[in-house]
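Have a look at the structure below before the remarks.
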Amino acid sequence: MRWKNDELRGWGGALKTQATLARPERHSALKATLQDTPCPAIGARRSYGDANLATHAIDMTRLDRFISFDKETGLLEAEAGVTIADMLNTFAPMGFMPATMPGTGFATLGGCIANDVHGKNHHLAGSFGQHVESLVLMGADGKSQRISLKSKPKLFRATIGGLGQTGVIISARLHLAKCPAGRMVVHERRMEDLDAFLDAFNASRADFQVGWLDMTAKGIHMGRGIMEEAHFSHDRYIRPKKARAVPFNAPGFAMSRPVVKAFNWLYYKRVPEDGRDVERPLHKFFFPLDGIRHWNRLYGKRGFHQFQCVLPDDEAPATLPLMLEAVASSGLASPLSVLKRLGHGRGGMMSFPMEGFTLAVDIVNRSAAKGLLARLNELARHAGGRVYLAKDSSLEAAYLPDMYPELADFRAEVEKADPSRAFATDLVNRLNVRG
Ligand SMILES: Cc1cc2nc3c(=O)[nH]c(=O)nc-3n(C[C@H](O)[C@H](O)[C@H](O)COP(=O)(O)OP(=O)(O)OC[C@H]3O[C@@H](n4cnc5c(N)ncnc54)[C@H](O)[C@@H]3O)c2cc1C
């Protein structure tokens, strides 16, 4: 297998490392690569921080074949490098789709299992790993085994959301959900402050829910934004057009305070005061940013961090205003900030979801970002919340045991699966995930 030298960056671009990458296309090549240089697998590099960074890594994106599909039951078997968008584009015309999808279709099946991702329907559908029936895992010695919740419950739960630490996921068998139409009807409403937002989420019965927040708003407007509630329409599926790309890194002023403030104001006002219904093709609703390739370049060369946490229901109303205040007064807010409701569903020991509210905020990587992130992490910990490791670039290792109560069980299982620590990534080392 040929190894290529490359600079690896998380999607936020704030963390990077020099790495050598192998990109096998066949299982035999993957096995030989692992036996030669045991190292972690990575997917489409859509995790924001350093979950997908390592000195040596195996890029799984060429192992991207569908293996089998049962049209009656929706049971799909696919290689780990298949993307979420591939699954949607292929199976939606047949009436099926992944039961839950992250906000980008570029994420791979392996990456979605390793971070046990959640979607806009988490309150009903749970997390991605809960729809995985079984998967094939390859160890550092090149030996592979099929595991499921029934056959190897501990290893399976350490693998779902397990950051790739139990081995390389080669393929998985998962249950797709029914996809009754090709478009979504989205009801958009302005929310004038945070209380209105939380009340709207608590009252909503919609299958899919997501909120956009204006993180520059202060005082009585703090927490204002737009609530989207969606259900399927009746139209046929429409294939996405090829995405346009941002050709170069944007200059620093693109994300300056006045530009972001003005953008957010216009974005808020685009929805009429009494709300509106709009129809969107599935990919535009589920992957709103994928239409612009390399949109992360809009943050310039220094990149950005994404902070995402979940706060338990009873703590969210008191803690969210403190977080919003901290971001608004830092001047580091960007237009990309999301509020969602999560249910209790989680598939693994290290899965992120807990019942409550999740806030995701993009933070421009300037010198003040470090202090702001430290404050946000501390607020999340104090509220009994949890920071999402798929997005993290700044958490303190000492916070991990409180935030992830099954950490000790996870460590024990991973130690058995990978005693030589071949699969440790930069994030795993930074946060002492393996103990
Ligand atoms: C625009 C955008 C929107 C997003 N929205 C959401 C969202 O709504 N909900 C959500 O939960 N997440 C969301 N994410 C995060 C994203 O879904 C996750 O980070 C996902 O894991 C990325 O998949 P990937 O293929 O890029 O994996 P990578 O980022 O390359 O890797 C992620 C982790 O998976 C491991 N891994 C990857 N492939 C394998 C394999 N085959 N075997 C073993 N381990 C493997 C890696 O070692 C690493 O630890 C979003 C990201 C972006 C950029």
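Naming works like this for the structure tokens: A, B, ... for the chains as they're shown, residue 1 at the start of each chain, ligands 1 onward in shown order.
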Output as CSV one row per residue of chain A within 7 Å of ligand 1: the closest atom pair and its distance in Å to one decimal place, counting only C-alpha atoms and all ligand atoms, sorted by chain and residue number ascending.
```
residue,atom,partner,partner_atom_place_in_ligand_line,distance
A:Trp11,CA,ligand 1,53 (C),6.1
A:Pro40,CA,ligand 1,47 (O),5.5
A:Ala41,CA,ligand 1,39 (C),4.8
A:Ile42,CA,ligand 1,37 (C),3.9
A:Gly43,CA,ligand 1,30 (O),3.4
A:Ala44,CA,ligand 1,26 (O),3.6
A:Arg45,CA,ligand 1,30 (O),3.3
A:Arg46,CA,ligand 1,26 (O),3.5
A:Ser47,CA,ligand 1,19 (O),3.4
A:Tyr48,CA,ligand 1,19 (O),6.6
A:Ala51,CA,ligand 1,49 (O),4.5
A:Asn52,CA,ligand 1,48 (C),4.4
A:Met60,CA,ligand 1,41 (N),5.8
A:Ala80,CA,ligand 1,41 (N),4.9
A:Gly81,CA,ligand 1,41 (N),6.6
A:Met101,CA,ligand 1,8 (O),6.9
A:Pro102,CA,ligand 1,7 (C),3.6
A:Gly103,CA,ligand 1,5 (N),3.4
A:Thr104,CA,ligand 1,3 (C),4.5
A:Phe106,CA,ligand 1,26 (O),6.7
A:Ala107,CA,ligand 1,23 (O),3.9
A:Thr108,CA,ligand 1,25 (O),3.6
A:Leu109,CA,ligand 1,25 (O),6.5
A:Gly110,CA,ligand 1,41 (N),3.9
A:Gly111,CA,ligand 1,27 (O),3.6
A:Cys112,CA,ligand 1,21 (O),4.5
A:Ala114,CA,ligand 1,34 (O),4.5
A:Asn115,CA,ligand 1,21 (O),4.8
A:Asp116,CA,ligand 1,11 (O),6.7
A:Val117,CA,ligand 1,11 (O),3.3
A:His118,CA,ligand 1,11 (O),4.1
A:Gly119,CA,ligand 1,8 (O),4.9
A:Lys120,CA,ligand 1,8 (O),6.8
A:Leu163,CA,ligand 1,49 (O),3.7
A:Gly164,CA,ligand 1,44 (N),3.4
A:Gly167,CA,ligand 1,43 (C),5.8
A:Val168,CA,ligand 1,42 (N),3.8
A:Ile169,CA,ligand 1,42 (N),3.6
A:Ile170,CA,ligand 1,41 (N),5.6
A:Leu289,CA,ligand 1,1 (C),6.0
A:Ala390,CA,ligand 1,19 (O),4.6
A:Lys391,CA,ligand 1,19 (O),6.5
A:Thr425,CA,ligand 1,47 (O),6.8
```
Neighbours of A:Glu355 within 10 Å (only C-alpha atoms; same-chain residues fewer than 6 positions away dropped), as a PDB file with C-alpha atoms, in the first residue's frame?
```pdb
ATOM      1  CA  HIS A 122     -33.444  12.431  17.482  1.00  0.00           C
ATOM      2  CA  HIS A 123     -36.385  12.909  19.881  1.00  0.00           C
ATOM      3  CA  VAL A 310     -26.169  19.062  25.449  1.00  0.00           C
ATOM      4  CA  LEU A 311     -27.767  20.333  28.651  1.00  0.00           C
ATOM      5  CA  PRO A 312     -30.312  18.381  30.694  1.00  0.00           C
ATOM      6  CA  ASP A 313     -33.875  19.754  30.498  1.00  0.00           C
ATOM      7  CA  ARG A 341     -34.066  19.100  21.262  1.00  0.00           C
ATOM      8  CA  LEU A 342     -32.592  15.661  21.959  1.00  0.00           C
ATOM      9  CA  GLY A 343     -34.408  12.617  23.276  1.00  0.00           C
ATOM     10  CA  HIS A 344     -32.823   9.907  25.422  1.00  0.00           C
ATOM     11  CA  GLY A 345     -31.734   7.542  22.613  1.00  0.00           C
ATOM     12  CA  ARG A 346     -28.048   6.597  22.519  1.00  0.00           C
ATOM     13  CA  GLY A 385     -24.184  18.509  30.475  1.00  0.00           C
TER      14      GLY A 385
END
```
Hey, can you check how far atom CA of A:Ala22 sits from atom CA of A:Leu137? 18.1 Å
Which neighbours of A:Gly105 fall inside 10 Å, counting only C-alpha atoms, when residues of the same chain fewer than 3 positions from it are skipped, and could you give them as a list in words? Arg46, Thr83, Ile84, Ala85, Asp86, Met87, Leu88, Asn89, Met101, Pro102, Thr108, His283, Phe286, Phe287, Pro288, Leu289 and Asp290 of chain A
Can you tell me which residues surround A:Ala19 at a distance of at most 12 Å, considering only C-alpha atoms, apart from same-chain residues fewer than 6 positions away, and format the answer as a PDB file with N, CA and C atoms, in the first residue's frame?
```
ATOM      1  N   TRP A   3       1.711   5.010   0.890  1.00  0.00           N
ATOM      2  CA  TRP A   3       1.358   6.013   1.897  1.00  0.00           C
ATOM      3  C   TRP A   3       1.646   7.387   1.319  1.00  0.00           C
ATOM      4  N   LYS A   4       0.750   8.332   1.587  1.00  0.00           N
ATOM      5  CA  LYS A   4       0.923   9.673   1.042  1.00  0.00           C
ATOM      6  C   LYS A   4       1.069  10.663   2.195  1.00  0.00           C
ATOM      7  N   ASN A   5       2.024  11.584   2.087  1.00  0.00           N
ATOM      8  CA  ASN A   5       2.140  12.624   3.117  1.00  0.00           C
ATOM      9  C   ASN A   5       1.091  13.683   2.859  1.00  0.00           C
ATOM     10  N   ASP A   6       0.421  14.104   3.927  1.00  0.00           N
ATOM     11  CA  ASP A   6      -0.645  15.094   3.746  1.00  0.00           C
ATOM     12  C   ASP A   6      -0.812  15.891   5.032  1.00  0.00           C
ATOM     13  N   GLU A   7      -1.331  17.113   4.907  1.00  0.00           N
ATOM     14  CA  GLU A   7      -1.707  17.828   6.118  1.00  0.00           C
ATOM     15  C   GLU A   7      -3.155  17.465   6.416  1.00  0.00           C
ATOM     16  N   LEU A   8      -3.390  16.906   7.602  1.00  0.00           N
ATOM     17  CA  LEU A   8      -4.765  16.576   7.986  1.00  0.00           C
ATOM     18  C   LEU A   8      -5.323  17.719   8.806  1.00  0.00           C
ATOM     19  N   ARG A   9      -6.562  18.129   8.486  1.00  0.00           N
ATOM     20  CA  ARG A   9      -7.239  19.178   9.256  1.00  0.00           C
ATOM     21  C   ARG A   9      -8.611  18.684   9.643  1.00  0.00           C
ATOM     22  N   CYS A  39      -3.054   1.567  12.646  1.00  0.00           N
ATOM     23  CA  CYS A  39      -3.363   2.990  12.902  1.00  0.00           C
ATOM     24  C   CYS A  39      -4.865   3.216  12.729  1.00  0.00           C
ATOM     25  N   PRO A  40      -5.375   4.356  13.175  1.00  0.00           N
ATOM     26  CA  PRO A  40      -6.821   4.577  13.130  1.00  0.00           C
ATOM     27  C   PRO A  40      -7.378   4.758  11.726  1.00  0.00           C
ATOM     28  N   ASN A  52     -10.446  13.135  13.958  1.00  0.00           N
ATOM     29  CA  ASN A  52      -9.988  12.441  12.748  1.00  0.00           C
ATOM     30  C   ASN A  52      -8.526  12.756  12.411  1.00  0.00           C
ATOM     31  N   LEU A  53      -7.753  13.184  13.399  1.00  0.00           N
ATOM     32  CA  LEU A  53      -6.338  13.485  13.165  1.00  0.00           C
ATOM     33  C   LEU A  53      -5.458  12.429  13.838  1.00  0.00           C
ATOM     34  N   ALA A  54      -4.383  12.029  13.132  1.00  0.00           N
ATOM     35  CA  ALA A  54      -3.409  11.086  13.684  1.00  0.00           C
ATOM     36  C   ALA A  54      -2.168  11.128  12.792  1.00  0.00           C
ATOM     37  N   THR A  55      -1.053  10.675  13.306  1.00  0.00           N
ATOM     38  CA  THR A  55       0.191  10.716  12.511  1.00  0.00           C
ATOM     39  C   THR A  55       0.117   9.771  11.317  1.00  0.00           C
ATOM     40  N   HIS A  56      -0.471   8.606  11.517  1.00  0.00           N
ATOM     41  CA  HIS A  56      -0.762   7.691  10.408  1.00  0.00           C
ATOM     42  C   HIS A  56      -2.255   7.414  10.461  1.00  0.00           C
ATOM     43  N   ALA A  57      -2.894   7.364   9.305  1.00  0.00           N
ATOM     44  CA  ALA A  57      -4.337   7.081   9.311  1.00  0.00           C
ATOM     45  C   ALA A  57      -4.729   6.361   8.029  1.00  0.00           C
ATOM     46  N   ILE A  58      -5.818   5.579   8.141  1.00  0.00           N
ATOM     47  CA  ILE A  58      -6.347   4.876   6.963  1.00  0.00           C
ATOM     48  C   ILE A  58      -7.631   5.561   6.530  1.00  0.00           C
ATOM     49  N   ASP A  59      -7.592   6.148   5.366  1.00  0.00           N
ATOM     50  CA  ASP A  59      -8.747   6.842   4.795  1.00  0.00           C
ATOM     51  C   ASP A  59      -9.664   5.769   4.184  1.00  0.00           C
ATOM     52  N   THR A 425      -6.270   8.407  18.425  1.00  0.00           N
ATOM     53  CA  THR A 425      -6.176   9.594  17.556  1.00  0.00           C
ATOM     54  C   THR A 425      -5.678  10.781  18.391  1.00  0.00           C
ATOM     55  N   ASP A 426      -5.506  11.924  17.756  1.00  0.00           N
ATOM     56  CA  ASP A 426      -5.052  13.112  18.500  1.00  0.00           C
ATOM     57  C   ASP A 426      -6.054  13.473  19.596  1.00  0.00           C
TER      58      ASP A 426
END
```
Can you tell me which residues surround A:Leu324 at a distance of at most 8 Å, considering only C-alpha atoms, apart from same-chain residues fewer than 2 positions away, and format the answer as a compact mmCIF listing (two decimals) with C-alpha atoms, in the first residue's frame?
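The resulting selection_36.txt:
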```txt
# COMPACT_ATOMS: atom_id res chain seq x y z
CA MET A 215 -25.81 34.57 18.46
CA MET A 222 -31.01 37.32 23.23
CA GLY A 223 -31.84 33.87 21.91
CA LEU A 320 -28.28 28.63 27.92
CA PRO A 321 -28.61 32.40 28.63
CA LEU A 322 -25.13 32.38 30.22
CA ALA A 326 -20.70 34.79 26.68
CA VAL A 327 -20.72 34.24 22.90
CA ALA A 328 -22.53 37.50 22.05
```
Please run DSSP on the backbone and report, as a VMD selection string, all residues within stretch 4-182 of chain A that come out as helix (DSSP H, G or I). chain A and resid 27 to 36 84 to 94 109 to 114 122 to 125 128 to 131 153 to 159
Go ahead and write the residues just picked, N, CA and C atoms, as a tab-separated table (two decimals), in the first residue's frame.
```
chain	number	residue	atom	x	y	z
A	27	HIS	N	-10.53	-5.04	0.79
A	27	HIS	CA	-10.30	-5.55	2.15
A	27	HIS	C	-8.90	-6.10	2.31
A	28	SER	N	-8.42	-6.79	1.25
A	28	SER	CA	-7.09	-7.40	1.35
A	28	SER	C	-6.04	-6.31	1.56
A	29	ALA	N	-6.19	-5.17	0.87
A	29	ALA	CA	-5.23	-4.07	1.02
A	29	ALA	C	-5.35	-3.44	2.40
A	30	LEU	N	-6.58	-3.35	2.89
A	30	LEU	CA	-6.80	-2.78	4.23
A	30	LEU	C	-6.11	-3.66	5.28
A	31	LYS	N	-6.30	-4.96	5.13
A	31	LYS	CA	-5.72	-5.92	6.08
A	31	LYS	C	-4.19	-5.81	6.07
A	32	ALA	N	-3.62	-5.79	4.86
A	32	ALA	CA	-2.16	-5.72	4.76
A	32	ALA	C	-1.65	-4.40	5.35
A	33	THR	N	-2.39	-3.32	5.11
A	33	THR	CA	-1.98	-2.01	5.64
A	33	THR	C	-1.98	-2.02	7.16
A	34	LEU	N	-3.03	-2.57	7.73
A	34	LEU	CA	-3.14	-2.61	9.20
A	34	LEU	C	-2.04	-3.47	9.81
A	35	GLN	N	-1.76	-4.61	9.15
A	35	GLN	CA	-0.74	-5.50	9.70
A	35	GLN	C	0.64	-4.84	9.61
A	36	ASP	N	0.81	-4.04	8.56
A	36	ASP	CA	2.09	-3.36	8.37
A	36	ASP	C	2.23	-2.17	9.33
A	84	ILE	N	-23.56	9.21	3.69
A	84	ILE	CA	-24.98	9.34	4.02
A	84	ILE	C	-25.76	9.83	2.79
A	85	ALA	N	-25.15	10.75	2.04
A	85	ALA	CA	-25.83	11.25	0.83
A	85	ALA	C	-25.98	10.14	-0.21
A	86	ASP	N	-24.94	9.26	-0.35
A	86	ASP	CA	-25.05	8.11	-1.27
A	86	ASP	C	-26.27	7.29	-0.90
A	87	MET	N	-26.45	7.06	0.40
A	87	MET	CA	-27.57	6.22	0.85
A	87	MET	C	-28.89	6.91	0.54
A	88	LEU	N	-28.97	8.20	0.83
A	88	LEU	CA	-30.22	8.91	0.58
A	88	LEU	C	-30.53	8.93	-0.92
A	89	ASN	N	-29.52	9.29	-1.74
A	89	ASN	CA	-29.75	9.40	-3.19
A	89	ASN	C	-30.12	8.07	-3.82
A	90	THR	N	-29.55	6.99	-3.29
A	90	THR	CA	-29.81	5.67	-3.90
A	90	THR	C	-31.15	5.10	-3.46
A	91	PHE	N	-31.46	5.24	-2.16
A	91	PHE	CA	-32.61	4.50	-1.66
A	91	PHE	C	-33.89	5.32	-1.53
A	92	ALA	N	-33.79	6.66	-1.51
A	92	ALA	CA	-35.02	7.47	-1.41
A	92	ALA	C	-35.96	7.20	-2.60
A	93	PRO	N	-35.44	7.07	-3.83
A	93	PRO	CA	-36.36	6.76	-4.93
A	93	PRO	C	-37.07	5.41	-4.75
A	94	MET	N	-36.49	4.52	-3.90
A	94	MET	CA	-37.14	3.22	-3.63
A	94	MET	C	-37.98	3.28	-2.36
A	109	LEU	N	-20.54	6.20	6.54
A	109	LEU	CA	-21.20	5.24	7.43
A	109	LEU	C	-20.31	4.95	8.65
A	110	GLY	N	-19.02	4.70	8.41
A	110	GLY	CA	-18.09	4.41	9.52
A	110	GLY	C	-18.00	5.57	10.49
A	111	GLY	N	-17.90	6.80	9.96
A	111	GLY	CA	-17.81	7.99	10.81
A	111	GLY	C	-19.09	8.20	11.61
A	112	CYS	N	-20.24	7.89	11.00
A	112	CYS	CA	-21.52	8.09	11.71
A	112	CYS	C	-21.69	7.07	12.83
A	113	ILE	N	-21.14	5.87	12.63
A	113	ILE	CA	-21.21	4.87	13.71
A	113	ILE	C	-20.22	5.26	14.82
A	114	ALA	N	-19.01	5.65	14.41
A	114	ALA	CA	-17.95	5.93	15.41
A	114	ALA	C	-18.28	7.16	16.26
A	122	HIS	N	-33.97	13.27	16.41
A	122	HIS	CA	-33.44	12.43	17.48
A	122	HIS	C	-34.49	12.14	18.56
A	123	HIS	N	-35.37	13.10	18.82
A	123	HIS	CA	-36.38	12.91	19.88
A	123	HIS	C	-37.31	11.74	19.56
A	124	LEU	N	-37.42	11.36	18.27
A	124	LEU	CA	-38.27	10.22	17.90
A	124	LEU	C	-37.45	9.00	17.46
A	125	ALA	N	-36.40	9.23	16.68
A	125	ALA	CA	-35.69	8.11	16.04
A	125	ALA	C	-34.47	7.64	16.81
A	128	PHE	N	-27.89	7.24	15.47
A	128	PHE	CA	-27.57	6.43	14.29
A	128	PHE	C	-27.28	4.97	14.66
A	129	GLY	N	-26.49	4.78	15.71
A	129	GLY	CA	-26.06	3.43	16.08
A	129	GLY	C	-27.21	2.54	16.52
A	130	GLN	N	-28.31	3.14	16.92
A	130	GLN	CA	-29.46	2.34	17.36
A	130	GLN	C	-30.15	1.64	16.19
A	131	HIS	N	-29.76	2.01	14.96
A	131	HIS	CA	-30.34	1.38	13.77
A	131	HIS	C	-29.38	0.40	13.13
A	153	PRO	N	-22.34	-7.76	23.34
A	153	PRO	CA	-22.95	-6.48	23.75
A	153	PRO	C	-21.96	-5.41	24.19
A	154	LYS	N	-20.92	-5.81	24.94
A	154	LYS	CA	-20.01	-4.78	25.46
A	154	LYS	C	-19.15	-4.20	24.34
A	155	LEU	N	-18.61	-5.09	23.51
A	155	LEU	CA	-17.77	-4.61	22.40
A	155	LEU	C	-18.59	-3.77	21.43
A	156	PHE	N	-19.84	-4.20	21.20
A	156	PHE	CA	-20.71	-3.46	20.27
A	156	PHE	C	-20.97	-2.06	20.84
A	157	ARG	N	-21.31	-1.99	22.12
A	157	ARG	CA	-21.61	-0.66	22.72
A	157	ARG	C	-20.36	0.20	22.87
A	158	ALA	N	-19.18	-0.43	22.89
A	158	ALA	CA	-17.95	0.37	22.91
A	158	ALA	C	-17.59	0.85	21.50
A	159	THR	N	-18.14	0.18	20.49
A	159	THR	CA	-17.83	0.55	19.10
A	159	THR	C	-18.75	1.65	18.59
```
Out of stretch 238-424 of chain A, which residues get strand (DSSP E) from DSSP, as number ranges by chain? A: 244-245, 276-281, 292-293, 304-312, 333-342, 356-364, 386-387
Can you write out the residues you just picked, keeping C-alpha atoms, as a PDB file, in the first residue's frame?
```pdb
ATOM      1  CA  ARG A 244     -20.582  24.989  -6.067  1.00  0.00           C
ATOM      2  CA  ALA A 245     -17.306  25.481  -4.181  1.00  0.00           C
ATOM      3  CA  ARG A 276     -44.507  30.582   6.465  1.00  0.00           C
ATOM      4  CA  ASP A 277     -44.489  27.101   4.922  1.00  0.00           C
ATOM      5  CA  VAL A 278     -41.801  26.291   2.354  1.00  0.00           C
ATOM      6  CA  GLU A 279     -41.142  23.077   0.436  1.00  0.00           C
ATOM      7  CA  ARG A 280     -37.596  21.795   0.175  1.00  0.00           C
ATOM      8  CA  PRO A 281     -36.071  18.736  -1.498  1.00  0.00           C
ATOM      9  CA  ILE A 292     -21.530  24.974  -1.118  1.00  0.00           C
ATOM     10  CA  ARG A 293     -18.442  22.769  -1.107  1.00  0.00           C
ATOM     11  CA  PHE A 304     -12.923  28.035  13.460  1.00  0.00           C
ATOM     12  CA  HIS A 305     -13.988  25.867  16.383  1.00  0.00           C
ATOM     13  CA  GLN A 306     -17.388  24.378  16.877  1.00  0.00           C
ATOM     14  CA  PHE A 307     -18.644  24.113  20.427  1.00  0.00           C
ATOM     15  CA  GLN A 308     -21.547  21.702  20.861  1.00  0.00           C
ATOM     16  CA  CYS A 309     -22.968  20.602  24.170  1.00  0.00           C
ATOM     17  CA  VAL A 310     -26.169  19.062  25.449  1.00  0.00           C
ATOM     18  CA  LEU A 311     -27.767  20.333  28.651  1.00  0.00           C
ATOM     19  CA  PRO A 312     -30.312  18.381  30.694  1.00  0.00           C
ATOM     20  CA  ALA A 333     -20.030  34.536  16.904  1.00  0.00           C
ATOM     21  CA  SER A 334     -20.638  33.361  13.370  1.00  0.00           C
ATOM     22  CA  PRO A 335     -23.949  32.960  11.529  1.00  0.00           C
ATOM     23  CA  LEU A 336     -23.928  29.220  12.184  1.00  0.00           C
ATOM     24  CA  SER A 337     -25.604  28.415  15.486  1.00  0.00           C
ATOM     25  CA  VAL A 338     -28.120  25.689  16.062  1.00  0.00           C
ATOM     26  CA  LEU A 339     -30.461  24.743  18.901  1.00  0.00           C
ATOM     27  CA  LYS A 340     -32.086  21.302  18.921  1.00  0.00           C
ATOM     28  CA  ARG A 341     -34.066  19.100  21.262  1.00  0.00           C
ATOM     29  CA  LEU A 342     -32.592  15.661  21.959  1.00  0.00           C
ATOM     30  CA  GLY A 356     -32.323  17.928  26.842  1.00  0.00           C
ATOM     31  CA  PHE A 357     -31.270  20.792  24.604  1.00  0.00           C
ATOM     32  CA  THR A 358     -28.201  20.829  22.400  1.00  0.00           C
ATOM     33  CA  LEU A 359     -26.501  24.061  21.362  1.00  0.00           C
ATOM     34  CA  ALA A 360     -23.943  24.138  18.522  1.00  0.00           C
ATOM     35  CA  VAL A 361     -22.020  27.344  17.827  1.00  0.00           C
ATOM     36  CA  ASP A 362     -19.243  28.059  15.324  1.00  0.00           C
ATOM     37  CA  ILE A 363     -16.590  30.283  16.875  1.00  0.00           C
ATOM     38  CA  VAL A 364     -14.066  32.165  14.780  1.00  0.00           C
ATOM     39  CA  ARG A 386     -21.866  16.965  27.930  1.00  0.00           C
ATOM     40  CA  VAL A 387     -19.606  18.281  25.156  1.00  0.00           C
TER      41      VAL A 387
END
```
Can you list, as a PyMOL selection string, every protein, DNA or RNA residue that comes within 10 Å of A:Tyr399 when you count only C-alpha atoms, leaving out same-chain residues fewer than 6 positions away? chain A and resi 377-378+380-382+386-387+431
Write to file, as a PDB file, in the first residue's frame, the residues of the selection just made, with C-alpha atoms.
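Below you can see result.pdb, which holds the result:
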```pdb
ATOM      1  CA  ASN A 377     -16.981  23.953  28.545  1.00  0.00           C
ATOM      2  CA  GLU A 378     -17.110  24.876  32.221  1.00  0.00           C
ATOM      3  CA  ALA A 380     -21.663  22.679  30.301  1.00  0.00           C
ATOM      4  CA  ARG A 381     -19.876  20.665  32.983  1.00  0.00           C
ATOM      5  CA  HIS A 382     -21.404  22.665  35.823  1.00  0.00           C
ATOM      6  CA  ARG A 386     -21.866  16.965  27.930  1.00  0.00           C
ATOM      7  CA  VAL A 387     -19.606  18.281  25.156  1.00  0.00           C
ATOM      8  CA  LEU A 431      -8.408  14.065  26.310  1.00  0.00           C
TER       9      LEU A 431
END
```
Pick the closest to A:Tyr299 from A:His221, A:Phe285, A:Ser204, A:Met255: which is it, counting only C-alpha atoms?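 Among A:His221, A:Phe285, A:Ser204, A:Met255, it is A:Met255 that comes nearest to A:Tyr299.
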Find the residues near A:Ala14: any atom within 8 Å, counting only C-alpha atoms, skip ones fewer than 2 places away on the same chain, and give them as a list in words. Arg9, Gly10, Gly12, Lys16, Gly49, Arg302, Gly303, Phe304, His305 and Asn365 of chain A
Separation of atom CA of A:Arg375 from atom CA of A:Leu395, in Å and rounded to one decimal: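 About the pair atom CA of A:Arg375 and atom CA of A:Leu395: they are 10.3 Å apart.
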Given only C-alpha atoms as the basis, pick out the residue of A:Gly225, A:Ser171, A:Gly13, A:Trp265 nearest to A:Arg297.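 Closest to A:Arg297 of all the choices is A:Gly13.
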